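The structure under discussion appears below in the form of structure tokens.
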Amino acid sequence: MVKSTHKRALDTAASQVLQSASSFLMTLGFAHFLLPQEFGILSGIWLVWMLVLSMNRTVFAEQLLAQGVGHSSKGYAEFSVLWISSLLIVTGIAVVGVQAWSVLPGAVFVALFIAADSIRYWTMATGELRVFAVRTSLTALELVRFLLAAGFLWLSLGFPLVPGLAWTALLPGIVWLIPAMPGFRRLRYRHAWTYLRRRGTFEAFMTTQFLTVTAASQLLPMLALPAFGAAQFGGLRLTQSLVSPAALVGTAFQPALIALFAEKTARRQRVRLLLGAVAGFSLFSGLIVAGGILGVELTGHYWIPEGQHDAVDDLLLPSLVAVAFIVVGQPGGALLRVLRWGGLSLAGQAGGVAAGIILVLVVLGRDEASITLFAWALSGGQAVTVILTYALIFLRLVRSSAAQPGEASGDMSSRPFLMQSEEE
């Protein structure tokens, strides 16, 4: 049983590493297919969709892992189909409305990418994945998508001016729809509303967070669009996209962390696990910064689009620092999901966003404002978010331990986990 659990954890982590690598290759491909201004427009669309992805994971998908699938699985599937399809239609209307035809393939791809992520979490929770009735693994399917993404990048490097070739992005986009197709025929969508009505205070807090402070945080880079122009905004988003796989590698361990925290019912166990995980992820984030700088310095001239080398050089370090703090924050995020401390998560995010907005306004108010200083301001806001959230987590854990003296004798460890979560 333990061996099977470890195998599933490794499969999940490996699949998410491949997912991030595929996203990296697709971003590079579109950066070669599109002009800098066009890539800047597509980057704005992707920012909104990445907000949707983060919200889907935190509010809905990760709860399948933390609390079990149960009766929620069908409602989750039906709601996801309706939600993502509706957003895709709105995105298509917006792109057509502004006559940005060149970015339409990228907009469709990112919608399919978010749909695939929802399906992946459902299969992670159920432990069942079949393609044409043949049982397979998450990693195998992600490997197929990675190879298709590599093919897309190869086409963009070899034939960047061929009209319509960007639509080949749909091939890696639809990979995860194949195992889900048999289930689509069985969906009747009557469970979607029931599923939403059964969401609790945690989901309410997290939805509020994503529609307010998280939205402000993830969309804050768009202030660079009117301040510095589409080309420089495109350079910022390209650099952030180049380093984002490192953050996604960090999140690859999030499902396993959620499962570990869910198993630890005593607070001292959770504190011990949290401290160890923070130390490990901090070391990993340092390696990300050093490795990212070295990798781009040695190989960037081979794959960074022409005309974007200077922008990447200037923006690489602040973008990597922001990613490093995202990685360090993963253990705290996992604990928040398990304990369902939505209010605490909202408070930490709000403080960090406030700091980020202040830093950005200070930069934009300077006569010598630059896109590089703007990127450092964004990194500062991310750092404050992580530091403040951890301060609130440890303060809550210390107060909870003082209020529950019976834990030392093992009283808490014998009580059901869900009961503890509700009381906390």
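Ligands are numbered from 1 in the order shown, residues from 1 within each chain, and chains are lettered A, B, ... in the order they appear in the structure tokens.
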
> Can you list every residue in region 16-150 of chain A that DSSP puts in strand (DSSP E), as a ChimeraX atom specification?
Replying inline: /A:130-131,134-135

Now that the selection is made, can you save its residues with N, CA, C and O atoms as a PDB file, in the first residue's frame?
```
ATOM      1  N   ARG A 130      -7.798   6.043 -18.158  1.00  0.00           N
ATOM      2  CA  ARG A 130      -7.802   5.091 -19.270  1.00  0.00           C
ATOM      3  C   ARG A 130      -7.889   5.837 -20.593  1.00  0.00           C
ATOM      4  O   ARG A 130      -8.629   6.810 -20.716  1.00  0.00           O
ATOM      5  N   VAL A 131      -7.139   5.366 -21.571  1.00  0.00           N
ATOM      6  CA  VAL A 131      -7.187   5.890 -22.926  1.00  0.00           C
ATOM      7  C   VAL A 131      -7.590   4.746 -23.841  1.00  0.00           C
ATOM      8  O   VAL A 131      -6.860   3.748 -23.955  1.00  0.00           O
ATOM      9  N   VAL A 134      -7.589   1.399 -22.189  1.00  0.00           N
ATOM     10  CA  VAL A 134      -6.291   0.910 -21.715  1.00  0.00           C
ATOM     11  C   VAL A 134      -5.838   1.788 -20.560  1.00  0.00           C
ATOM     12  O   VAL A 134      -5.741   3.011 -20.696  1.00  0.00           O
ATOM     13  N   ARG A 135      -5.556   1.173 -19.423  1.00  0.00           N
ATOM     14  CA  ARG A 135      -5.115   1.934 -18.266  1.00  0.00           C
ATOM     15  C   ARG A 135      -3.726   2.511 -18.512  1.00  0.00           C
ATOM     16  O   ARG A 135      -2.824   1.820 -18.984  1.00  0.00           O
TER      17      ARG A 135
END
```

> How many Å separate CA of Gly291 (chain A) from CA of Asp313 (chain A)?
Replying inline: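 Here the two named atoms are 14.3 Å from each other.
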
> Among region 190-232 of chain A, which residues carry a DSSP assignment of alpha helix (DSSP H), reported as a list in words?
Replying inline: His191, Ala192, Trp193, Thr194, Tyr195, Leu196, Arg197, Thr201, Phe202, Glu203, Ala204, Phe205, Met206, Thr207, Thr208, Gln209, Ala215, Ala216, Ser217, Gln218, Leu219, Ala224, Leu225, Pro226, Ala227, Phe228, Ala230, Ala231 and Gln232 of chain A

> So which residues touch region 385-396 of chain A within 12 Å, counting only C-alpha atoms, skipping near sequence neighbours fewer than 3 positions away, as JSON, numbers by chain?
Replying inline: {"A": [213, 214, 217, 267, 268, 270, 271, 272, 274, 275, 278, 282, 322, 323, 324, 325, 326, 327, 328, 329, 330, 331, 332, 333, 334, 335, 336, 339, 340, 341, 342, 343, 344, 345, 346, 347, 348, 349, 350, 351, 352, 353, 354, 355, 356, 357, 378, 379, 380, 381, 382, 399, 400, 401, 402, 403, 424]}

Tell me which protein, DNA and RNA residues are within 8 Å of region 363-375 of chain A, counting only C-alpha atoms, leaving out same-chain ones fewer than 5 positions away, and put them as a compact mmCIF listing (two decimals) with C-alpha atoms, in the first residue's frame.
```txt
# COMPACT_ATOMS: atom_id res chain seq x y z
CA ALA A 224 3.03 47.83 -17.82
CA ALA A 227 2.96 52.57 -19.00
CA PHE A 228 5.63 51.05 -21.26
CA GLN A 232 7.93 45.97 -23.44
CA LEU A 236 8.08 41.17 -19.43
CA ASP A 314 17.18 42.91 -17.83
CA LEU A 315 14.09 41.19 -16.42
CA PRO A 318 13.52 39.96 -10.68
CA SER A 319 11.32 37.38 -12.43
```

> Which neighbours of Leu53 (chain A) fall inside 7 Å, counting only C-alpha atoms, when residues of the same chain fewer than 4 positions from it are skipped, and could you give them as a PyMOL selection string?
Replying inline: chain A and resi 49+57+114

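If only C-alpha atoms are the atoms counted, then among A:Ser102, A:Gln254, A:Gln209, A:Ser85 the closest residue to Ala31 (chain A) is A:Ser102.
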
>> Give me, as an MDAnalysis selection string, all polymer residues having an atom no more than 12 Å from region 87-89 of chain A, counting only C-alpha atoms and skipping those fewer than 5 positions away in the same chain.
In response: chainID A and resid 45:46 48:49 52:53 80:82 94:96 104:115

> A:Ala256, A:Leu238, A:Leu223, A:Ala21: which is nearest Val144 (chain A), counting only C-alpha atoms?
Replying inline: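 Result for the nearest residue to Val144 (chain A): A:Ala21.
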
>> Could you tell me how far CA of Phe281 (chain A) sits from CA of Thr251 (chain A), in Å to one decimal place?
In response: 10.5 Å

> Which residue gives the smallest distance to Ser118 (chain A) among A:Trp176, A:Leu161, A:Trp154, A:Arg199, with only C-alpha atoms counted?
Replying inline: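 Of A:Trp176, A:Leu161, A:Trp154, A:Arg199, the one nearest Ser118 (chain A), counting only C-alpha atoms, is A:Trp176.
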
>> Let me make sure I understand: among A:Leu155, A:Val338, A:Ala377, A:Val362, which one has the smallest atom-to-atom distance to Pro255 (chain A) if we use only C-alpha atoms?
In response: A:Val338

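CA of Val162 (chain A) to CA of Phe30 (chain A) spans 12.9 Å [interatomic distance, one decimal].
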
> Using only C-alpha atoms, which of the listed residues (A:Ile358, A:Leu35, A:Leu177, A:Leu65) sits closest to Gly307 (chain A)?
Replying inline: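 The shortest atom-to-atom distance to Gly307 (chain A) comes from A:Leu35.
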